[in-house]
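Enquirer: Data file coords-v3.csv (CSV, C-alpha atoms) is appended below.
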```csv
chain,number,residue,atom,x,y,z
F,1,MET,CA,-56.4,-43.5,-18.1
F,2,LYS,CA,-54.7,-46.0,-15.6
F,3,VAL,CA,-51.2,-44.5,-15.0
F,4,SER,CA,-49.8,-41.0,-15.6
F,5,ILE,CA,-46.1,-40.5,-15.6
F,6,ILE,CA,-45.5,-37.1,-13.9
F,7,LEU,CA,-42.4,-35.5,-15.5
F,8,PRO,CA,-41.3,-32.0,-14.3
F,9,VAL,CA,-38.7,-30.6,-16.7
F,10,TYR,CA,-36.2,-27.8,-16.2
F,11,ASN,CA,-33.0,-27.6,-18.4
F,12,ALA,CA,-32.8,-31.4,-18.6
F,13,GLY,CA,-31.6,-31.6,-22.2
F,14,GLU,CA,-28.5,-33.5,-21.2
F,15,TRP,CA,-30.4,-36.4,-19.8
F,16,LEU,CA,-34.0,-36.2,-21.2
F,17,ASP,CA,-33.5,-38.5,-24.2
F,18,GLU,CA,-32.4,-41.4,-21.9
F,19,CYS,CA,-35.3,-40.6,-19.5
F,20,LEU,CA,-37.9,-40.6,-22.2
F,21,GLN,CA,-36.5,-43.8,-23.8
F,22,SER,CA,-37.0,-45.6,-20.5
F,23,ILE,CA,-40.7,-44.7,-20.8
F,24,GLN,CA,-40.9,-46.1,-24.3
F,25,GLN,CA,-39.3,-49.3,-23.0
F,26,GLN,CA,-41.9,-50.0,-20.3
F,27,LYS,CA,-43.3,-53.5,-20.3
F,28,TYR,CA,-46.6,-52.3,-19.0
F,29,GLN,CA,-49.3,-52.9,-21.6
F,30,GLY,CA,-52.2,-50.9,-20.1
F,31,LYS,CA,-53.2,-47.3,-20.7
F,32,LEU,CA,-50.2,-45.0,-20.1
F,33,GLU,CA,-49.8,-41.3,-20.2
F,34,VAL,CA,-46.8,-39.0,-20.0
F,35,SER,CA,-47.6,-35.6,-18.4
F,36,ALA,CA,-44.6,-33.3,-18.8
F,37,PHE,CA,-44.5,-29.7,-17.6
F,38,ASN,CA,-41.6,-27.6,-18.9
F,39,ASP,CA,-40.8,-25.0,-16.2
F,40,SER,CA,-39.3,-22.3,-18.4
F,41,SER,CA,-36.3,-24.3,-19.6
F,42,THR,CA,-33.7,-22.3,-21.5
F,43,ASP,CA,-32.0,-25.3,-23.2
F,44,ASP,CA,-33.4,-27.7,-25.8
F,45,SER,CA,-35.7,-29.5,-23.3
F,46,GLY,CA,-38.8,-28.3,-25.1
F,47,GLY,CA,-37.6,-29.5,-28.5
F,48,ILE,CA,-36.7,-32.9,-27.1
F,49,LEU,CA,-40.1,-33.3,-25.5
F,50,SER,CA,-41.8,-32.5,-28.8
F,51,LYS,CA,-39.6,-35.0,-30.7
F,52,TRP,CA,-40.4,-37.7,-28.3
F,53,GLN,CA,-44.1,-37.0,-28.2
F,54,ALA,CA,-44.5,-38.5,-31.7
F,55,VAL,CA,-42.3,-41.5,-30.8
F,56,LEU,CA,-44.3,-42.3,-27.6
F,57,GLU,CA,-47.7,-41.8,-29.3
F,58,ARG,CA,-46.7,-44.3,-31.9
F,59,ARG,CA,-46.1,-46.7,-29.1
F,60,GLY,CA,-49.7,-46.0,-27.9
F,61,ILE,CA,-48.6,-43.7,-25.0
F,62,THR,CA,-50.6,-40.5,-24.6
F,63,VAL,CA,-48.4,-37.4,-24.2
F,64,THR,CA,-49.5,-34.1,-22.6
F,65,ILE,CA,-47.0,-31.3,-22.6
F,66,GLY,CA,-47.5,-28.1,-20.6
F,67,GLY,CA,-45.2,-25.3,-19.6
F,68,HIS,CA,-44.5,-21.6,-19.5
F,69,SER,CA,-41.8,-19.3,-20.7
F,70,ALA,CA,-41.6,-16.8,-17.9
F,71,LYS,CA,-38.2,-15.2,-17.1
F,72,ASN,CA,-37.7,-17.5,-14.1
F,73,PRO,CA,-38.8,-21.1,-13.3
F,74,ASN,CA,-41.4,-21.5,-10.6
F,75,GLY,CA,-39.7,-24.5,-9.0
F,76,VAL,CA,-40.0,-28.3,-8.9
F,77,GLY,CA,-43.0,-28.3,-6.6
F,78,PHE,CA,-45.0,-26.1,-8.9
F,79,ALA,CA,-43.9,-28.1,-12.0
F,80,LYS,CA,-45.0,-31.4,-10.4
F,81,ASN,CA,-48.3,-30.0,-9.4
F,82,GLN,CA,-48.9,-28.6,-12.8
F,83,ALA,CA,-48.0,-32.0,-14.4
F,84,VAL,CA,-50.5,-33.7,-12.1
F,85,ARG,CA,-53.3,-31.2,-12.8
F,86,GLN,CA,-53.0,-31.7,-16.5
F,87,SER,CA,-52.9,-35.5,-16.2
F,88,SER,CA,-55.8,-37.9,-16.1
F,89,GLY,CA,-54.4,-41.2,-14.6
F,90,GLU,CA,-55.9,-43.0,-11.7
F,91,TYR,CA,-52.3,-43.6,-10.5
F,92,LEU,CA,-49.3,-41.3,-10.6
F,93,CYS,CA,-45.7,-42.4,-11.4
F,94,PHE,CA,-43.3,-39.6,-10.5
F,95,LEU,CA,-40.2,-39.4,-12.7
F,96,ASP,CA,-37.4,-36.8,-12.6
F,97,ALA,CA,-36.1,-35.8,-16.0
F,98,ASP,CA,-32.5,-36.8,-15.2
F,99,ASP,CA,-33.4,-40.3,-14.1
F,100,VAL,CA,-34.0,-43.6,-15.9
F,101,MET,CA,-36.7,-46.2,-15.2
F,102,ASP,CA,-36.2,-49.9,-15.3
F,103,SER,CA,-38.6,-51.5,-17.9
F,104,ARG,CA,-40.5,-53.2,-15.1
F,105,ARG,CA,-41.2,-50.1,-13.0
F,106,VAL,CA,-44.7,-49.2,-14.0
F,107,GLU,CA,-45.9,-52.8,-14.0
F,108,GLN,CA,-44.5,-53.7,-10.6
F,109,GLN,CA,-45.3,-50.5,-8.8
F,110,LEU,CA,-48.9,-50.4,-10.1
F,111,CYS,CA,-49.4,-53.9,-8.8
F,112,ALA,CA,-48.1,-52.8,-5.4
F,113,ALA,CA,-50.3,-49.6,-5.4
F,114,GLU,CA,-53.4,-51.6,-6.1
F,115,CYS,CA,-52.6,-53.8,-3.0
F,116,TYR,CA,-51.7,-50.7,-0.9
F,117,PRO,CA,-54.1,-48.0,-2.1
F,118,ASP,CA,-53.3,-45.6,0.8
F,119,ALA,CA,-49.5,-45.8,0.4
F,120,ILE,CA,-46.7,-44.1,-1.3
F,121,ILE,CA,-45.0,-46.9,-3.2
F,122,GLY,CA,-41.2,-46.6,-3.6
F,123,SER,CA,-38.6,-49.0,-4.9
F,124,GLN,CA,-34.9,-49.8,-4.5
F,125,PHE,CA,-32.6,-47.8,-6.8
F,126,ARG,CA,-29.0,-47.5,-8.0
F,127,ARG,CA,-27.0,-44.3,-8.3
F,128,GLU,CA,-25.2,-42.9,-11.2
F,129,PRO,CA,-22.2,-42.5,-10.6
F,130,ALA,CA,-22.3,-45.8,-8.7
F,131,ASP,CA,-20.1,-44.6,-5.8
F,132,SER,CA,-22.1,-41.4,-5.1
F,133,THR,CA,-24.1,-41.2,-1.8
F,134,GLU,CA,-23.2,-44.7,-0.7
F,135,ARG,CA,-24.5,-44.4,2.9
F,136,PHE,CA,-27.8,-42.9,1.7
F,137,THR,CA,-28.3,-45.5,-1.0
F,138,ARG,CA,-27.5,-48.4,1.4
F,139,TRP,CA,-29.8,-47.0,4.1
F,140,CYS,CA,-32.8,-46.4,1.7
F,141,ASN,CA,-32.5,-49.7,0.0
F,142,THR,CA,-32.3,-51.9,3.1
F,143,LEU,CA,-34.8,-50.4,5.6
F,144,THR,CA,-37.2,-52.9,6.9
F,145,PRO,CA,-41.0,-52.3,6.4
F,146,ALA,CA,-41.2,-51.1,10.0
F,147,GLN,CA,-38.2,-48.8,9.6
F,148,LEU,CA,-39.8,-47.1,6.6
F,149,HIS,CA,-42.2,-45.6,9.2
F,150,THR,CA,-39.8,-45.1,12.1
F,151,GLN,CA,-36.7,-43.7,10.4
F,152,ILE,CA,-38.5,-40.7,9.0
F,153,TYR,CA,-36.7,-38.1,11.0
F,154,THR,CA,-33.1,-38.6,9.9
F,155,SER,CA,-31.0,-36.2,7.8
F,156,HIS,CA,-31.4,-38.6,4.9
F,157,GLY,CA,-34.9,-37.3,4.3
F,158,PRO,CA,-37.9,-39.5,3.2
F,159,SER,CA,-37.4,-43.2,3.8
F,160,LEU,CA,-38.6,-43.8,0.3
F,161,ALA,CA,-36.5,-41.8,-2.2
F,162,MET,CA,-38.7,-39.3,-4.0
F,163,PRO,CA,-37.6,-40.3,-7.6
F,164,THR,CA,-39.1,-43.7,-6.9
F,165,TRP,CA,-42.5,-42.6,-5.8
F,166,PHE,CA,-45.7,-44.0,-7.3
F,167,CYS,CA,-49.2,-43.6,-5.7
F,168,ALA,CA,-52.9,-43.5,-6.3
F,169,ARG,CA,-54.2,-40.0,-7.3
F,170,SER,CA,-56.3,-40.1,-4.2
F,171,VAL,CA,-53.1,-40.1,-2.1
F,172,PHE,CA,-51.8,-37.0,-3.8
F,173,ASP,CA,-55.2,-35.3,-3.5
F,174,ARG,CA,-55.5,-36.0,0.2
F,175,VAL,CA,-52.1,-34.3,0.8
F,176,GLY,CA,-53.1,-31.4,-1.5
F,177,GLY,CA,-50.0,-31.4,-3.7
F,178,PHE,CA,-46.5,-30.2,-3.3
F,179,ASP,CA,-45.3,-27.0,-1.6
F,180,GLU,CA,-44.7,-24.4,-4.3
F,181,SER,CA,-42.3,-22.1,-2.4
F,182,GLY,CA,-39.6,-22.8,-5.0
F,183,LYS,CA,-35.9,-23.1,-4.8
F,184,GLY,CA,-34.5,-24.2,-1.4
F,185,THR,CA,-37.7,-25.9,-0.4
F,186,PRO,CA,-37.7,-29.7,0.3
F,187,GLU,CA,-41.1,-30.2,-1.2
F,188,ASP,CA,-40.7,-34.0,-1.2
F,189,LEU,CA,-40.0,-34.1,2.6
F,190,ILE,CA,-43.0,-31.7,3.3
F,191,PHE,CA,-45.3,-33.8,1.2
F,192,PHE,CA,-44.0,-37.1,2.8
F,193,LEU,CA,-44.5,-36.0,6.4
F,194,LYS,CA,-47.9,-34.6,5.7
F,195,HIS,CA,-48.9,-37.9,4.0
F,196,LEU,CA,-47.9,-39.7,7.2
F,197,SER,CA,-49.6,-37.2,9.5
F,198,LEU,CA,-52.9,-37.9,7.6
F,199,GLY,CA,-52.5,-41.7,8.2
F,200,GLY,CA,-50.9,-42.5,4.9
F,201,GLN,CA,-48.8,-45.7,4.5
F,202,LEU,CA,-45.4,-46.5,3.0
F,203,HIS,CA,-44.4,-49.6,0.9
F,204,ARG,CA,-41.2,-50.4,-1.0
F,205,VAL,CA,-41.0,-52.8,-4.0
F,206,ASP,CA,-37.8,-54.6,-3.3
F,207,GLU,CA,-36.5,-54.5,-6.8
F,208,CYS,CA,-34.1,-52.0,-8.3
F,209,LEU,CA,-36.5,-50.1,-10.6
F,210,MET,CA,-34.7,-46.8,-10.9
F,211,MET,CA,-31.4,-45.3,-11.9
F,212,TYR,CA,-31.2,-42.2,-9.7
F,213,ARG,CA,-28.7,-39.7,-11.1
F,214,TYR,CA,-26.4,-37.7,-8.9
F,215,HIS,CA,-25.0,-34.5,-10.4
F,216,PRO,CA,-24.1,-30.9,-9.3
F,217,GLN,CA,-27.2,-29.3,-10.9
F,218,ALA,CA,-29.7,-31.5,-8.9
F,219,THR,CA,-32.2,-29.4,-7.0
F,220,THR,CA,-31.4,-31.2,-3.8
F,221,HIS,CA,-28.2,-29.2,-3.6
F,222,SER,CA,-30.1,-26.0,-3.3
F,223,ILE,CA,-31.7,-27.0,0.0
F,224,HIS,CA,-30.0,-25.8,3.2
F,225,ARG,CA,-29.5,-28.5,5.8
F,226,ASP,CA,-30.9,-26.1,8.5
F,227,THR,CA,-34.2,-26.0,6.6
F,228,ILE,CA,-34.4,-29.8,6.6
F,229,TRP,CA,-33.4,-29.8,10.3
F,230,GLU,CA,-36.3,-27.5,11.3
F,231,ILE,CA,-38.9,-29.5,9.3
F,232,ARG,CA,-37.9,-32.8,10.7
F,233,LEU,CA,-37.6,-31.4,14.3
F,234,HIS,CA,-41.1,-30.0,14.0
F,235,ALA,CA,-42.5,-33.3,12.9
F,236,LEU,CA,-40.7,-35.2,15.6
F,237,GLU,CA,-41.9,-32.8,18.3
F,238,GLU,CA,-45.5,-33.0,17.0
F,239,ARG,CA,-45.7,-36.8,16.3
F,240,VAL,CA,-43.4,-38.3,19.0
F,241,LEU,CA,-42.3,-35.9,21.8
F,242,SER,CA,-45.8,-34.6,22.4
F,243,GLY,CA,-46.7,-38.1,23.7
F,244,TRP,CA,-43.7,-38.5,25.9
F,245,SER,CA,-43.4,-37.2,29.5
F,246,GLN,CA,-39.6,-37.6,29.6
F,247,PHE,CA,-36.8,-38.9,27.4
F,248,THR,CA,-33.0,-39.2,27.1
F,249,ILE,CA,-30.9,-37.7,24.3
F,250,TRP,CA,-28.3,-40.3,23.1
F,251,SER,CA,-25.2,-38.2,22.4
F,252,ALA,CA,-23.6,-35.6,24.7
F,253,GLY,CA,-21.7,-34.3,21.7
F,254,LYS,CA,-22.4,-31.5,19.3
F,255,GLN,CA,-25.4,-33.1,17.6
F,256,GLY,CA,-27.0,-34.0,20.9
F,257,LYS,CA,-26.6,-30.5,22.3
F,258,LYS,CA,-27.8,-28.9,19.1
F,259,PHE,CA,-30.8,-31.0,19.3
F,260,TYR,CA,-31.5,-30.0,22.9
F,261,ARG,CA,-31.1,-26.3,22.1
F,262,SER,CA,-33.4,-26.6,19.1
F,263,LEU,CA,-36.3,-28.1,21.2
F,264,SER,CA,-39.2,-26.1,22.4
F,265,GLU,CA,-39.0,-25.0,26.0
F,266,GLU,CA,-41.7,-27.5,26.8
F,267,ASN,CA,-39.7,-30.4,25.3
F,268,GLN,CA,-36.4,-29.2,26.8
F,269,LYS,CA,-38.0,-29.7,30.3
F,270,LYS,CA,-38.8,-33.4,29.3
F,271,VAL,CA,-35.1,-34.2,28.8
F,272,SER,CA,-34.0,-36.3,31.8
F,273,ALA,CA,-30.4,-36.9,30.7
F,274,PHE,CA,-27.8,-37.1,27.9
F,275,CYS,CA,-26.2,-40.5,27.5
F,276,ASP,CA,-22.9,-41.4,25.8
F,277,VAL,CA,-20.1,-43.9,25.6
F,278,ASP,CA,-17.3,-41.3,25.7
F,279,ALA,CA,-15.7,-41.4,29.2
F,280,LYS,CA,-14.6,-37.8,29.0
F,281,LYS,CA,-18.1,-36.6,28.3
F,282,ILE,CA,-19.6,-38.8,31.0
F,283,GLU,CA,-16.9,-37.6,33.5
F,284,LYS,CA,-18.2,-34.0,33.1
F,285,GLY,CA,-21.4,-35.3,34.7
F,286,VAL,CA,-23.6,-32.5,33.6
F,287,TYR,CA,-24.5,-30.2,30.6
F,288,ILE,CA,-25.3,-26.6,31.6
F,289,TYR,CA,-27.4,-24.8,29.1
F,290,GLU,CA,-25.6,-21.4,29.4
F,291,GLU,CA,-27.7,-19.7,26.7
F,292,SER,CA,-30.9,-20.3,28.6
F,293,LYS,CA,-32.6,-17.2,30.1
F,294,ALA,CA,-33.9,-19.4,33.0
F,295,ILE,CA,-32.6,-18.9,36.5
F,296,PRO,CA,-31.0,-21.2,37.5
F,297,LYS,CA,-29.6,-22.4,34.2
F,298,PRO,CA,-30.9,-25.9,33.2
F,299,ARG,CA,-28.5,-28.6,34.2
F,300,ILE,CA,-28.9,-31.9,32.4
F,301,PRO,CA,-27.0,-35.1,33.7
F,302,ILE,CA,-24.7,-36.9,31.4
F,303,VAL,CA,-24.6,-40.7,32.0
F,304,HIS,CA,-23.4,-43.9,30.4
F,305,PHE,CA,-25.9,-45.3,28.0
F,306,SER,CA,-26.3,-48.5,30.1
F,307,ALA,CA,-27.5,-46.3,33.0
F,308,ALA,CA,-29.9,-44.2,31.0
F,309,ASN,CA,-33.7,-44.6,30.9
F,310,PRO,CA,-35.6,-44.9,27.7
F,311,PRO,CA,-37.2,-43.6,25.6
F,312,PHE,CA,-34.3,-42.2,23.6
F,313,ILE,CA,-33.8,-39.8,20.7
F,314,ILE,CA,-30.6,-41.0,19.0
F,315,CYS,CA,-28.4,-38.2,17.7
F,316,VAL,CA,-25.6,-40.4,16.5
F,317,LYS,CA,-25.4,-41.1,12.8
F,318,LEU,CA,-26.1,-44.6,11.7
F,319,ASP,CA,-23.3,-46.9,10.4
F,320,LEU,CA,-20.5,-44.5,11.3
F,321,THR,CA,-19.4,-46.1,14.5
F,322,GLY,CA,-18.2,-49.4,13.2
F,323,GLY,CA,-21.3,-51.1,14.5
F,324,GLY,CA,-20.8,-49.8,18.0
F,325,LEU,CA,-24.1,-47.8,18.2
F,326,GLU,CA,-26.1,-50.7,16.7
F,327,ALA,CA,-24.5,-53.2,19.2
F,328,ASN,CA,-25.2,-50.9,22.2
F,329,LEU,CA,-28.8,-50.4,21.2
F,330,SER,CA,-29.2,-54.2,20.7
F,331,SER,CA,-27.8,-54.8,24.2
F,332,LEU,CA,-30.7,-52.9,25.7
F,333,ASN,CA,-33.4,-55.0,24.0
F,334,LEU,CA,-35.2,-51.9,22.9
F,335,THR,CA,-38.0,-51.6,20.3
F,336,GLU,CA,-37.5,-49.0,17.6
F,337,GLY,CA,-40.5,-46.8,17.2
F,338,GLU,CA,-41.5,-47.3,20.9
F,339,ASP,CA,-38.3,-47.0,22.9
F,340,TYR,CA,-36.3,-44.9,20.5
F,341,TYR,CA,-36.2,-42.9,17.3
F,342,HIS,CA,-33.3,-41.8,15.2
F,343,PHE,CA,-32.7,-38.1,14.7
F,344,SER,CA,-29.3,-38.1,13.1
```
Could you write out this structure as structure tokens?
Expert:
Amino acid sequence: MKVSIILPVYNAGEWLDECLQSIQQQKYQGKLEVSAFNDSSTDDSGGILSKWQAVLERRGITVTIGGHSAKNPNGVGFAKNQAVRQSSGEYLCFLDADDVMDSRRVEQQLCAAECYPDAIIGSQFRREPADSTERFTRWCNTLTPAQLHTQIYTSHGPSLAMPTWFCARSVFDRVGGFDESGKGTPEDLIFFLKHLSLGGQLHRVDECLMMYRYHPQATTHSIHRDTIWEIRLHALEERVLSGWSQFTIWSAGKQGKKFYRSLSEENQKKVSAFCDVDAKKIEKGVYIYEESKAIPKPRIPIVHFSAANPPFIICVKLDLTGGGLEANLSSLNLTEGEDYYHFS
């Protein structure tokens, strides 16, 4: 089997017909398998899967359906892992049951995966409704190839949206599958960061190959932002700050101070200054970490960004300053991924 479409299902009856129809309409002519795992759905998802099994098999697509009927679902990480385990494809095409694939998706992402065998392959996407998560969609769809690897610590999450992932089975096996802790766990972010820590690559097909649905029942809404903060902070400290002897925090506001307080004691000692553009913050001259148990309390200078020394950790959200942040960074002739990283 060449490609297995990995389809975790939980109470997706409202959208599942449209999702499965998009599999039927794939232009790819090679050997294709759908591996669906029903994570104890209580709606008609099971019946819809059974109905479509016959339809897809007539199209020449192999269908494997697994699942369980326990009282509670085991979570999306578990369901994805089970769907992968029961599949046989050399390549894995991940599909959420509420999303819809463009007819070119498998064909185009397989081609990319064969060229980049150690990479997670993503694609551009559109949202439904169209005006939902505009900043996230714009960010994810326009990152440069280099930024796919450098802008991995922002609050947006993985720089390749998980519903667009496609990869060789060997990539999945090297990471060891998704975290199965269940509801409230960002299993995609954990997998993504581990993939990168193991030397994995990232590549995006610059075509809109997915309709990525936004709705209140989406599992992403069950994940607390503090959980994501802790995971990305740990990754930044391990992958970036461990190699720096000193650095400046760009933002003397709430986010910058929260970032400082969240750092390990070792990394707090590396902070040479906060920098900002706000005259009132700069006028204060110093941030005193009153909560510290150290005597005397740590005192961190606050300076104008033009007087600060790189490298920087940027704690200002992208595209919310009317271009001001981007212009200020550009004025310093810095290189992203060497002189600064975004943590916003």
Enquirer: Can you tell me, as a short mmCIF file (atom, residue, chain, number, x, y, z; two decimals) with C-alpha atoms, in the frame of the given file, what residues are no more than 10 Å from F:Glu338 when counting all atoms listed in the file, ignoring any on the same chain fewer than 4 positions away?
Expert:
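part26.cif, freshly written:
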```cif
data_model
loop_
_atom_site.label_atom_id
_atom_site.label_comp_id
_atom_site.auth_asym_id
_atom_site.auth_seq_id
_atom_site.Cartn_x
_atom_site.Cartn_y
_atom_site.Cartn_z
CA THR F 150 -39.80 -45.10 12.10
CA VAL F 240 -43.40 -38.30 19.00
CA PRO F 310 -35.60 -44.90 27.70
CA PRO F 311 -37.20 -43.60 25.60
CA PHE F 312 -34.30 -42.20 23.60
CA LEU F 334 -35.20 -51.90 22.90
#
```
Enquirer: When you draw a straight line from atom CA of F:Arg169 to atom CA of F:Leu236, how long is it in Å?
Expert: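 Interatomic distance, atom CA of F:Arg169 to atom CA of F:Leu236: 27.0 Å.
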Enquirer: Could you check which of F:Ser245, F:Gln255, F:Thr335, F:Gln147 is closest to F:Lys270, using only C-alpha atoms?
Expert: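 Of the candidates, the smallest distance to F:Lys270 is held by F:Ser245.
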Enquirer: Out of F:Leu56, F:Ile61, F:Met162, F:Cys315, which residue has the shortest atom-to-atom distance to F:Leu189 when counting only C-alpha atoms?
Expert: F:Met162
Enquirer: Mind pulling up the distance from atom CA of F:Gly256 to atom CA of F:Phe136?
Expert: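 Separation between atom CA of F:Phe136 and atom CA of F:Gly256: 21.2 Å.
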Enquirer: Could you give me, as JSON, numbers by chain, the residues within 9 Å of stretch 285-296 of chain F, counting all atoms listed in the file and dropping anything in the same chain fewer than 3 positions from it?
Expert: {"F": [252, 257, 261, 273, 274, 281, 282, 299, 300, 301, 302, 303]}
Enquirer: Restrict the selected residues to C-alpha atoms and save them as an mmCIF file, in the coordinates of the input.
Expert:
```cif
data_model
loop_
_atom_site.group_PDB
_atom_site.id
_atom_site.type_symbol
_atom_site.label_atom_id
_atom_site.label_comp_id
_atom_site.auth_asym_id
_atom_site.auth_seq_id
_atom_site.Cartn_x
_atom_site.Cartn_y
_atom_site.Cartn_z
ATOM 1 C CA ALA F 252 -23.600 -35.600 24.700
ATOM 2 C CA LYS F 257 -26.600 -30.500 22.300
ATOM 3 C CA ARG F 261 -31.100 -26.300 22.100
ATOM 4 C CA ALA F 273 -30.400 -36.900 30.700
ATOM 5 C CA PHE F 274 -27.800 -37.100 27.900
ATOM 6 C CA LYS F 281 -18.100 -36.600 28.300
ATOM 7 C CA ILE F 282 -19.600 -38.800 31.000
ATOM 8 C CA ARG F 299 -28.500 -28.600 34.200
ATOM 9 C CA ILE F 300 -28.900 -31.900 32.400
ATOM 10 C CA PRO F 301 -27.000 -35.100 33.700
ATOM 11 C CA ILE F 302 -24.700 -36.900 31.400
ATOM 12 C CA VAL F 303 -24.600 -40.700 32.000
#
```
Enquirer: Near F:Val63, counting only C-alpha atoms, which residues have an atom at most 12 Å away, once you skip same-chain residues fewer than 5 positions from it, shown as a PDB file with C-alpha atoms, keeping the file's coordinate frame?
Expert:
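The file below, out.pdb, is the result:
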```pdb
ATOM      1  CA  MET F   1     -56.400 -43.500 -18.100  1.00  0.00           C
ATOM      2  CA  VAL F   3     -51.200 -44.500 -15.000  1.00  0.00           C
ATOM      3  CA  SER F   4     -49.800 -41.000 -15.600  1.00  0.00           C
ATOM      4  CA  ILE F   5     -46.100 -40.500 -15.600  1.00  0.00           C
ATOM      5  CA  ILE F   6     -45.500 -37.100 -13.900  1.00  0.00           C
ATOM      6  CA  LEU F   7     -42.400 -35.500 -15.500  1.00  0.00           C
ATOM      7  CA  LEU F  20     -37.900 -40.600 -22.200  1.00  0.00           C
ATOM      8  CA  ILE F  23     -40.700 -44.700 -20.800  1.00  0.00           C
ATOM      9  CA  GLN F  24     -40.900 -46.100 -24.300  1.00  0.00           C
ATOM     10  CA  LYS F  31     -53.200 -47.300 -20.700  1.00  0.00           C
ATOM     11  CA  LEU F  32     -50.200 -45.000 -20.100  1.00  0.00           C
ATOM     12  CA  GLU F  33     -49.800 -41.300 -20.200  1.00  0.00           C
ATOM     13  CA  VAL F  34     -46.800 -39.000 -20.000  1.00  0.00           C
ATOM     14  CA  SER F  35     -47.600 -35.600 -18.400  1.00  0.00           C
ATOM     15  CA  ALA F  36     -44.600 -33.300 -18.800  1.00  0.00           C
ATOM     16  CA  PHE F  37     -44.500 -29.700 -17.600  1.00  0.00           C
ATOM     17  CA  LEU F  49     -40.100 -33.300 -25.500  1.00  0.00           C
ATOM     18  CA  SER F  50     -41.800 -32.500 -28.800  1.00  0.00           C
ATOM     19  CA  LYS F  51     -39.600 -35.000 -30.700  1.00  0.00           C
ATOM     20  CA  TRP F  52     -40.400 -37.700 -28.300  1.00  0.00           C
ATOM     21  CA  GLN F  53     -44.100 -37.000 -28.200  1.00  0.00           C
ATOM     22  CA  ALA F  54     -44.500 -38.500 -31.700  1.00  0.00           C
ATOM     23  CA  VAL F  55     -42.300 -41.500 -30.800  1.00  0.00           C
ATOM     24  CA  LEU F  56     -44.300 -42.300 -27.600  1.00  0.00           C
ATOM     25  CA  GLU F  57     -47.700 -41.800 -29.300  1.00  0.00           C
ATOM     26  CA  ARG F  58     -46.700 -44.300 -31.900  1.00  0.00           C
ATOM     27  CA  ALA F  83     -48.000 -32.000 -14.400  1.00  0.00           C
ATOM     28  CA  GLN F  86     -53.000 -31.700 -16.500  1.00  0.00           C
ATOM     29  CA  SER F  87     -52.900 -35.500 -16.200  1.00  0.00           C
ATOM     30  CA  SER F  88     -55.800 -37.900 -16.100  1.00  0.00           C
ATOM     31  CA  GLY F  89     -54.400 -41.200 -14.600  1.00  0.00           C
TER      32      GLY F  89
END
```
Enquirer: Using only C-alpha atoms for the distances, tell me which of F:Ser306, F:Thr321, F:Thr164, F:Ser272 is nearest to F:Val106.
Expert: F:Thr164
Enquirer: Write out as a count of residues only the residues lying within 8 Å of stretch 121-127 of chain F, counting only C-alpha atoms and excluding same-chain residues fewer than 2 positions away.
Expert: 32
Enquirer: Select, from F:Leu263, F:Ile249, F:Leu143, F:Ala327, the residue with the minimum atom-to-atom distance to F:Leu233, counting all atoms listed in the file.
Expert: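 Using all atoms listed in the file, F:Leu233 sits closest to F:Leu263.
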